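Okay, target.pdb is below, PDB, C-alpha atoms:
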```pdb
ATOM      1  CA  MET A   1      93.123  66.884 140.580
ATOM      2  CA  GLY A   2      96.057  65.092 139.015
ATOM      3  CA  LEU A   3      98.396  68.032 139.673
ATOM      4  CA  SER A   4     101.402  68.246 141.948
ATOM      5  CA  ARG A   5     101.259  70.520 144.974
ATOM      6  CA  MET A   6     103.790  72.897 143.417
ATOM      7  CA  HIS A   7     101.833  73.057 140.166
ATOM      8  CA  VAL A   8      98.729  74.094 142.104
ATOM      9  CA  VAL A   9     100.741  76.708 144.043
ATOM     10  CA  ARG A  10     102.061  78.150 140.760
ATOM     11  CA  LYS A  11      98.519  78.298 139.352
ATOM     12  CA  ILE A  12      97.388  80.124 142.508
ATOM     13  CA  GLN A  13     100.279  82.592 142.219
ATOM     14  CA  LYS A  14      99.458  83.227 138.540
ATOM     15  CA  GLY A  15      95.798  83.829 139.468
ATOM     16  CA  GLU A  16      94.569  80.802 137.509
ATOM     17  CA  ILE A  17      93.078  79.319 140.692
ATOM     18  CA  LYS A  18      91.476  81.652 143.243
ATOM     19  CA  ALA A  19      92.617  80.967 146.803
ATOM     20  CA  ILE A  20      93.201  82.743 150.089
ATOM     21  CA  ARG A  21      96.309  82.432 152.203
ATOM     22  CA  VAL A  22      95.830  80.785 155.617
ATOM     23  CA  GLY A  23      99.141  80.909 157.435
ATOM     24  CA  ARG A  24     101.598  79.064 155.182
ATOM     25  CA  ALA A  25      98.836  77.169 153.349
ATOM     26  CA  TYR A  26      96.175  78.094 150.817
ATOM     27  CA  ALA A  27      92.422  77.585 151.048
ATOM     28  CA  ILE A  28      90.685  76.964 147.738
ATOM     29  CA  ASP A  29      86.927  77.317 147.284
ATOM     30  CA  ARG A  30      85.392  73.978 146.215
ATOM     31  CA  ASN A  31      83.696  75.764 143.323
ATOM     32  CA  GLN A  32      87.154  76.439 141.857
ATOM     33  CA  LEU A  33      87.816  72.708 141.575
ATOM     34  CA  GLY A  34      85.339  71.956 138.820
ATOM     35  CA  GLY A  35      83.046  69.732 140.848
ATOM     36  CA  ILE A  36      85.546  66.999 141.748
ATOM     37  CA  PHE A  37      84.189  66.949 145.310
ATOM     38  CA  ARG A  38      80.515  66.879 144.401
ATOM     39  CA  ARG A  39      78.310  64.023 145.528
ATOM     40  CA  ILE A  40      77.665  61.433 142.863
ATOM     41  CA  SER A  41      74.138  60.379 141.938
ATOM     42  CA  ASP A  42      72.747  56.895 142.491
ATOM     43  CA  LYS A  43      73.020  56.276 138.745
ATOM     44  CA  GLU A  44      76.694  57.288 138.733
ATOM     45  CA  ARG A  45      77.358  55.152 141.822
ATOM     46  CA  LYS A  46      75.828  52.123 140.098
ATOM     47  CA  GLN A  47      78.028  52.751 137.051
ATOM     48  CA  VAL A  48      81.123  52.921 139.250
ATOM     49  CA  ASP A  49      80.133  49.777 141.153
ATOM     50  CA  LYS A  50      79.563  47.931 137.874
ATOM     51  CA  ALA A  51      82.948  49.052 136.518
ATOM     52  CA  VAL A  52      84.745  48.018 139.723
ATOM     53  CA  GLU A  53      83.016  44.643 139.642
ATOM     54  CA  LYS A  54      84.097  44.150 136.020
ATOM     55  CA  VAL A  55      87.725  45.039 136.794
ATOM     56  CA  LEU A  56      87.814  42.765 139.837
ATOM     57  CA  LYS A  57      86.323  39.903 137.844
ATOM     58  CA  LYS A  58      88.946  40.292 135.111
ATOM     59  CA  TYR A  59      92.016  41.298 137.151
ATOM     60  CA  GLY A  60      91.161  40.223 140.705
ATOM     61  CA  GLU A  61      94.022  37.734 141.061
ATOM     62  CA  VAL A  62      96.584  40.227 139.735
ATOM     63  CA  ILE A  63      95.318  42.908 142.126
ATOM     64  CA  LYS A  64      95.595  40.483 145.057
ATOM     65  CA  LYS A  65      99.186  39.630 144.089
ATOM     66  CA  LEU A  66     100.110  43.294 143.754
ATOM     67  CA  GLY A  67      98.557  44.008 147.144
ATOM     68  CA  ALA A  68     100.629  41.255 148.721
ATOM     69  CA  GLU A  69     103.938  42.812 147.600
TER      70      GLU A  69
END
```
Could the structure of this file be written out as structure tokens, please?
Amino acid sequence: MGLSRMHVVRKIQKGEIKAIRVGRAYAIDRNQLGGIFRRISDKERKQVDKAVEKVLKKYGEVIKKLGAE
């Protein structure tokens, strides 16, 4: 989501995100998350694969060096 845990908790407490309390944690309905957990289509998967391939072709050596650190 790109939000810190505390930011999400504050949004839940303000009622901006609907959730139920489960012990000390919160359970959030997937529908509240704007589709970030939906399955991607074959077309979208191909676009992602193509983008990853492009990045690896251009920055592959840099990524390997960063991974070695």
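As for atom CA of Val52 of chain A and atom CA of Glu69 of chain A, they are spaced 21.4 Å apart.
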Just so the selection is clear, what residues does the PyMOL selection byres ((chain A and resi 17) around 12) cover here, as a PDB file with C-alpha atoms, keeping the file's coordinate frame?
```
ATOM      1  CA  HIS A   7     101.833  73.057 140.166  1.00  0.00           C
ATOM      2  CA  VAL A   8      98.729  74.094 142.104  1.00  0.00           C
ATOM      3  CA  VAL A   9     100.741  76.708 144.043  1.00  0.00           C
ATOM      4  CA  ARG A  10     102.061  78.150 140.760  1.00  0.00           C
ATOM      5  CA  LYS A  11      98.519  78.298 139.352  1.00  0.00           C
ATOM      6  CA  ILE A  12      97.388  80.124 142.508  1.00  0.00           C
ATOM      7  CA  GLN A  13     100.279  82.592 142.219  1.00  0.00           C
ATOM      8  CA  LYS A  14      99.458  83.227 138.540  1.00  0.00           C
ATOM      9  CA  GLY A  15      95.798  83.829 139.468  1.00  0.00           C
ATOM     10  CA  GLU A  16      94.569  80.802 137.509  1.00  0.00           C
ATOM     11  CA  LYS A  18      91.476  81.652 143.243  1.00  0.00           C
ATOM     12  CA  ALA A  19      92.617  80.967 146.803  1.00  0.00           C
ATOM     13  CA  ILE A  20      93.201  82.743 150.089  1.00  0.00           C
ATOM     14  CA  TYR A  26      96.175  78.094 150.817  1.00  0.00           C
ATOM     15  CA  ALA A  27      92.422  77.585 151.048  1.00  0.00           C
ATOM     16  CA  ILE A  28      90.685  76.964 147.738  1.00  0.00           C
ATOM     17  CA  ASP A  29      86.927  77.317 147.284  1.00  0.00           C
ATOM     18  CA  ARG A  30      85.392  73.978 146.215  1.00  0.00           C
ATOM     19  CA  ASN A  31      83.696  75.764 143.323  1.00  0.00           C
ATOM     20  CA  GLN A  32      87.154  76.439 141.857  1.00  0.00           C
ATOM     21  CA  LEU A  33      87.816  72.708 141.575  1.00  0.00           C
ATOM     22  CA  GLY A  34      85.339  71.956 138.820  1.00  0.00           C
TER      23      GLY A  34
END
```
Enclosing box along x, y and z for every listed atom of segment 49-53 of chain A, padded 8 Å each side, centre and size in Å, one decimal, as JSON:
```
{"center_x": 82.2, "center_y": 47.2, "center_z": 138.8, "size_x": 21.2, "size_y": 21.1, "size_z": 20.6}
```
For this session: Provide the atom CA of Ser41 of chain A to atom CA of Leu3 of chain A distance in Å, to one decimal place.
Result: 25.5 Å
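Distance-wise, atom CA of Arg45 of chain A and atom CA of Lys64 of chain A end up 23.6 Å apart.
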